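Peer 1: Below is one structure. I have some questions about it.
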Amino acid sequence: PIHASYAGKLIPSAVLAGSKCEVYLLEKSRVICHEEEERTYHIFYQLLAAPEEEKEEFWDGLVGTDNESFSYVGWTDTEVIEGKDDATRWNLTRQALGLVGVKGDRLKLLIRTICVVMQLGNLVFEPDPSNEEATVITSTEELDMLASLMGIDAMDIQLALTERTVTARNETFKVPLNDTKARDSCDAFAKEIYARIFHWLVRTINEATSAEKNYKEPLFPKQKKKLEGVFGTIGLLDIFGFESFDVNRFEQLCINYANEKLQQKFTLDIFRSVQSEYEFEGIELGEVNFADNSDVLDLIEGRMGLINVLNEECIRPKGNDIAFVTKIYTMNKDNEATCLIQDKFYRDYEFGLKHYAGPVTYDSTGFVTKNMDNLPSDLSDCAKKSTNELLSKEVGYADSEDPSSSSQIEKKKTPAKKRPPPRRPARGAMQRAGSEKKQSDHSSAPSGRQGLQRKASSSIVAETVWTKFRGQLTELMSNIGQTRTRYIRCIKPNTVKKPLVMQHWSAVEQLRCAGVVAAVTISRSAFPNRLEHEITLDRFAGLWHKALPEVVSSNHTSSTSLDDMEEDEPNKIRDDVQRLLTGALKQLEVVKGDKVTRGFVCGKTRTYFRAGALELLEAERLKSLGLHTVNMQRVIRGFVARVKFLKLRKAAIISQSRGRRVVARKKFKRARKACILIQCWLRCIHAGEELVTLRRNRSAAMIQTHWRMAVAITMLKKSVKSAAIIQAMVRGSIQRPIFRKQLKEAREEAKLENQLKALQRKLEEAEARRIEAEQRAKEAAENPPPAVNTTHQANVSETVASAQPAQQTETSSLTTASTASGAAASTAAKMAAAPVEEKKNEVVVPGQLTAQQQTLMDESGKMLEYLRKEVFKLRSQNSQLRKDFDLLKENNQRLMDANASAGASFAALNQHAKQLNKALTVSKAEVATSKQQVHKLNLAQVELKEELKMKTGTYIAEVHSRLQYQKTMGRIVDTIQERCRDSRLIEDVLAMSDECEMEFAAGGGDMHEMGPAGMAEPGGVGGSPSRAESAKDKSISARFTSYLWG
């Protein structure tokens, strides 16, 4: 703050000019994983809870997604924090970003970069089937979405995540990564992107709230120079809490290292405040023993401390976590006073440290990897190709712009004349002169830690996470040393986060971890209690007035009080306190030779009591106050007794008046009751007469109602019977033409089958004749008779004649075959007749055929070959016709079965109609009987009608309520089925739904029995609608089971 001095007074005239935020050790691991009961960073949940139109504005891949759509986010049971849900906080976050200039295209780039982080978690890496050492991304759809979001080709992303570029001896080559390393590479890329955009956002906020940019002109009229470089600073440091979990890793070690540094500063500040207080009061400060944590800091940041050993493992080619743990144990094996815990039950990668808040066991798995924290060049080159400017600049070219790098820290070094306070030994007596000498010696000698820092700035160690963090912490401690420090400790009263609940063990543990217990121990080391002189006289002056009358007289002679004492000189008050306590604490004096040690020491403004002194004074004061209290109680009890007596007397008078009032009221009630009885008797007489009249009218109405009901039932039954007859006649008229047509087709099929059989038989006969003719011709050729001409002519004629009937038979069965076979037969006949005439004049040579005979034989062979082919075709067609006939036969059988079933149904309907006629006859007899009994059942009918109306109304209302309840239950179950993802909740709803259905099924029979008598069930021949509805609506439990278990 800025103060202006005017007119000899200090006038505060400071205004809030701006702000600046710095980041220390961002917890990047929370981006990719978090505990089940915790949440990741809130921006992910807020973005996914945003309205759908805003999601589509940033990236269409966010539409319709929730927390479970992204692996890095996952399901959470915490949706409302401090009365606000994630959707409300999204609006507040967007408004806040707009205030610092992040809106429009800048906001879109920021949100799309956050979407890249979430989308990286959805990639799935699996081993390459063709190469066991290589990896492929199987989630191609997710990869394509990521590529479109980043503006990079999908193959470039896959190569950057599954391969690593290695440079050795000026040679560069690609090394494939297995699925585990590829997954780790993807996670490292996501963490680095989030860290870079986080630092970018911090820089953006710092630029928007920078005091140098917002205030450049003088604030006050008389201020001549500008404000550049004259701003004051109020630093608010939200320190890390001491962390000790079941598994403590690299982040917990860094956080506890920062806590150790801050605890050392806090301890020294408390000691200095006690030292300055004793100097002001003029009291000699003796030995003050307090716990110091210098040994822990030496172990962590010493010349061969944890930081240097871990940095060495990061540089070493085959450095690993187990070698780091082995080295720190080896280097501290002979040091008995070390705070390094060496437990034989520890694993190779575990070690322990004794912190000021308690021992902590660390798991060194991943220490080397997390400490290096370098992004591979493949991923940096991939980020450079992105069309997202924020991603390409902040991640692709991040080496020179890292705000947390050591180069930035070196640029912010503080002046050398301001050094942090020195560390103190673990335990010992610290005198004021001794402390000043140590501080002077420390300031004149160079710091070992600074030497390490200078050494680290010129090597690769400076690029490690722990080196960066140590540089930031050193700068922070230097800045704190230049300011006036105030400490605020926040204590959580309970771990269940409920109001009005106090857990003492948790509060005490927090006080111990925060160093408050150590601070109280330091402040109470010499004189545990202290009181101001005025308060001491006010509390204890009246208790020893007999032993020290001069003190009492000096306090009461001139009507002294606390206000009057303030006007006296301080030495007089101090002398009064000295005399008072000397006599009061006489028994606590300790004499050692010539030196007398009293139980108190009087300073300038306060009185300091040794252990037990103030407790003795308070005990004596309580005894004296107890005597005065007894006298006061005596007076007060007498007053209370008198008041109680007066109250009892007043109560007796009131009781008597109320008793008299009760007697008079009873008399009035008896008289009023008699009048009411008379009035009631007269009203009963008139009501009885009116009741008789109403019963007569209602009986007549009941008779009319039953008569109309009987007539309506009769008409209904006649209509049902007529409708059944009409339906039967209509169905018969529809089925008869169909049956006749089917019967005609069956007859035609039977006729066709007979023709096919006859044709087949004729074909077989023709084939037999042809074979016989061929055999005869062959025999004739081998053994020719003398009369060759006549015999051959006869044989040829017989062959042609035998072939001709076969052709005629085939002509009668098929039209296409008859044409060809007829032409062949006529040709053969002509050829056979011609040689007969010509051969009459020819001379026949025995054993030799003529040319005409040979020609005739060749043509006959060709004709027979043609006939064989036609027969083969006819056989194929015959087999196809047989198959069609079998199919028709099966269809005919089915039609016959259907006809038989229809006949049985018709018979059943006819039987049902007969039963209805019988029931109608019986009902007519019952109606006749009921008409005879109408006069006897008048009063009973009236009562039954009223009861029937009530039951009918109840039945209808219950039916409607049950139907509405069933529909509502169905909608509830469908809504839960669509939206709920909690399997436990679905199982509970399933159980409740089954119970409701069981109750409904149990109550259904009762409701059916409660239905009005004489009413027929709805529905006819077509079936009952209620049964159709019950068959249509499935069980809710069945739908749930099909949905859950598929």
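Chain identifiers are assigned as A, B, and so on, following the order in which chains appear in the structure tokens; residues are numbered from 1 within each chain, and ligands are numbered from 1 in order of appearance.
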So that I can see what lies close to region 304-313 of chain A, please list as a list in words the residues with an atom at most 8 Å from it, counting only C-alpha atoms and leaving out residues fewer than 3 positions away in the same chain.
Peer 2: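 The filter keeps Asp298, Leu299, Ile300, Glu301, Arg316, Lys318, Gly319, Asn320, Ala323, Phe324, Lys327, Ile328, Met331, Phe367, Val368, Asn371, Val461, Thr464, Trp466 and Thr467 of chain A.
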Peer 1: Which of these, A:Thr521, A:Asp184, A:Asn529, A:Lys721, has the shortest distance to Thr369 (chain A) once you count only C-alpha atoms?
Peer 2: A:Asp184
Peer 1: For a test of reading the model, state the distance in Å between CA of Arg610 (chain A) and CA of Glu589 (chain A), rounded to one decimal.
Peer 2: 10.9 Å
Peer 1: Can you list, as a VMD selection string, all residues belonging to region 58-294 of chain A that DSSP tags as helix (DSSP H, G or I)?
Peer 2: chain A and resid 58 60 to 62 67 to 69 86 to 99 105 to 120 140 to 150 154 to 162 179 to 208 211 to 214 250 to 281 294
Peer 1: Go through region 140-335 of chain A and collect every residue that DSSP, computed from the backbone, puts in strand (DSSP E); the answer should be as a short mmCIF file (atom, residue, chain, number, x, y, z; two decimals) with N, CA, C and O atoms, in the first residue's frame.
Peer 2:
data_model
loop_
_atom_site.label_atom_id
_atom_site.label_comp_id
_atom_site.auth_asym_id
_atom_site.auth_seq_id
_atom_site.Cartn_x
_atom_site.Cartn_y
_atom_site.Cartn_z
N GLU A 163 5.19 -43.77 -31.85
CA GLU A 163 6.59 -43.86 -32.19
C GLU A 163 7.37 -42.78 -31.47
O GLU A 163 6.82 -41.76 -31.04
N ARG A 164 8.67 -43.01 -31.34
CA ARG A 164 9.53 -42.04 -30.69
C ARG A 164 10.79 -41.84 -31.53
O ARG A 164 11.40 -42.80 -32.00
N THR A 165 11.15 -40.57 -31.73
CA THR A 165 12.33 -40.22 -32.52
C THR A 165 13.55 -40.22 -31.61
O THR A 165 13.56 -39.54 -30.57
N VAL A 166 14.57 -40.99 -31.98
CA VAL A 166 15.80 -41.12 -31.19
C VAL A 166 16.97 -40.64 -32.06
O VAL A 166 17.09 -41.04 -33.23
N THR A 167 17.80 -39.78 -31.49
CA THR A 167 18.97 -39.25 -32.19
C THR A 167 20.23 -39.76 -31.50
O THR A 167 20.40 -39.58 -30.28
N ALA A 168 21.10 -40.40 -32.25
CA ALA A 168 22.35 -40.94 -31.71
C ALA A 168 23.45 -40.80 -32.77
O ALA A 168 23.31 -41.33 -33.88
N GLU A 171 22.54 -39.41 -36.09
CA GLU A 171 21.60 -40.24 -36.83
C GLU A 171 20.26 -40.22 -36.11
O GLU A 171 20.21 -40.31 -34.89
N THR A 172 19.22 -40.10 -36.89
CA THR A 172 17.86 -40.05 -36.35
C THR A 172 17.06 -41.22 -36.90
O THR A 172 17.07 -41.47 -38.11
N PHE A 173 16.41 -41.94 -35.99
CA PHE A 173 15.59 -43.06 -36.41
C PHE A 173 14.39 -43.18 -35.48
O PHE A 173 14.37 -42.64 -34.38
N LYS A 174 13.35 -43.87 -35.99
CA LYS A 174 12.08 -44.04 -35.28
C LYS A 174 12.09 -45.36 -34.51
O LYS A 174 12.51 -46.39 -35.03
N VAL A 175 11.61 -45.29 -33.27
CA VAL A 175 11.51 -46.48 -32.41
C VAL A 175 10.04 -46.69 -32.06
O VAL A 175 9.41 -45.78 -31.50
N PRO A 176 9.45 -47.84 -32.38
CA PRO A 176 8.03 -48.06 -32.01
C PRO A 176 7.88 -48.24 -30.50
O PRO A 176 8.78 -48.73 -29.82
#
Peer 1: As a list in words, please: the residues near region 502-519 of chain A (cut-off 6 Å, only C-alpha atoms, same-chain neighbours under 2 positions excluded).
Peer 2: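 Counting only the stated atoms, we get Ala357, Pro493, Asn494, Thr521 and Ile522 of chain A.
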Peer 1: Write out as a compact mmCIF listing (two decimals) with N, CA and C atoms, in the first residue's frame which residues come within 7 Å of region 195-211 of chain A when counting only C-alpha atoms, dropping same-chain ones fewer than 5 positions away.
Peer 2:
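Okay, this is what ended up in out-v5.txt:
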# COMPACT_ATOMS: atom_id res chain seq x y z
N ALA A 17 -4.62 -1.44 -6.89
CA ALA A 17 -4.23 -1.08 -8.25
C ALA A 17 -4.26 -2.27 -9.20
N GLY A 18 -4.01 -3.43 -8.73
CA GLY A 18 -3.96 -4.60 -9.61
C GLY A 18 -3.58 -5.84 -8.85
N SER A 19 -3.37 -6.91 -9.59
CA SER A 19 -3.03 -8.19 -8.96
C SER A 19 -2.15 -8.98 -9.91
N LYS A 20 -1.47 -9.97 -9.35
CA LYS A 20 -0.60 -10.85 -10.12
C LYS A 20 -0.58 -12.21 -9.45
N CYS A 21 -0.73 -13.24 -10.25
CA CYS A 21 -0.81 -14.60 -9.73
C CYS A 21 0.39 -15.40 -10.25
N LYS A 28 -0.58 -31.82 -12.31
CA LYS A 28 -0.99 -32.27 -13.64
C LYS A 28 -1.54 -33.68 -13.64
N VAL A 100 -11.80 -10.80 -18.29
CA VAL A 100 -10.35 -10.68 -18.51
C VAL A 100 -10.00 -10.75 -19.99
N GLU A 394 1.47 -22.53 -27.69
CA GLU A 394 1.76 -22.79 -26.29
C GLU A 394 2.39 -24.15 -26.06
N VAL A 395 2.08 -25.13 -26.91
CA VAL A 395 2.63 -26.48 -26.73
C VAL A 395 3.75 -26.75 -27.74
N PRO A 403 6.53 -20.37 -18.38
CA PRO A 403 6.63 -19.41 -17.29
C PRO A 403 7.20 -19.99 -16.03
Peer 1: Between CA of Thr78 (chain A) and CA of Glu38 (chain A), what distance in Å does the model show, to one decimal?
Peer 2: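 Distance reported for this atom pair: 8.8 Å.
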Peer 1: Calculate how many Å separate CA of Phe44 (chain A) from CA of Ala87 (chain A), rounding to one decimal.
Peer 2: 11.2 Å
Peer 1: Skipping near chain neighbours, those fewer than 5 positions away, what residues fall within 7 Å of region 244-257 of chain A using only C-alpha atoms, listed as a list in words?
Peer 2: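 The residues satisfying every condition are Val360, Thr361, Tyr362, Asp363, Ser364 and Phe367 of chain A.
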Peer 1: Restrict the selected residues to N, CA and C atoms and save them as a compact mmCIF listing (two decimals), in the first residue's frame.
Peer 2:
# COMPACT_ATOMS: atom_id res chain seq x y z
N VAL A 360 6.60 -39.91 7.26
CA VAL A 360 5.86 -40.17 6.03
C VAL A 360 6.67 -41.16 5.20
N THR A 361 6.01 -42.17 4.68
CA THR A 361 6.63 -43.17 3.81
C THR A 361 6.29 -42.83 2.36
N TYR A 362 7.32 -42.76 1.51
CA TYR A 362 7.15 -42.37 0.11
C TYR A 362 7.39 -43.57 -0.79
N ASP A 363 6.61 -43.60 -1.87
CA ASP A 363 6.76 -44.60 -2.93
C ASP A 363 7.45 -43.91 -4.10
N SER A 364 8.68 -44.35 -4.42
CA SER A 364 9.47 -43.65 -5.43
C SER A 364 9.14 -44.08 -6.85
N PHE A 367 9.43 -41.45 -9.87
CA PHE A 367 10.14 -40.23 -9.46
C PHE A 367 10.99 -39.68 -10.61
Peer 1: If you count only C-alpha atoms, which residues fall within 12 Å of Val124 (chain A), apart from same-chain ones fewer than 3 positions away, as a PyMOL selection string?
Peer 2: chain A and resi 71+119-121+127+135-143+158+161-162+179-180+182-184+186-187
Peer 1: Considering only C-alpha atoms, state which residue in the set A:Arg169, A:His355, A:Lys744, A:His628 is at the smallest distance from Phe242 (chain A).
Peer 2: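 Counting only C-alpha atoms, the residue closest to Phe242 (chain A) is A:His355.
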Peer 1: Looking at A:Leu237, A:Gln854, A:Trp59, A:Gln966, which one is nearest to Arg489 (chain A), with distances taken over only C-alpha atoms?
Peer 2: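 Of A:Leu237, A:Gln854, A:Trp59, A:Gln966, the one nearest Arg489 (chain A) is A:Leu237, counting only C-alpha atoms.
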Peer 1: With distances taken over only C-alpha atoms, which of A:Ile972, A:Leu146, A:Leu916, A:Cys115 is nearest to Lys718 (chain A)?
Peer 2: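 Closest residue, counting only C-alpha atoms: A:Leu916.
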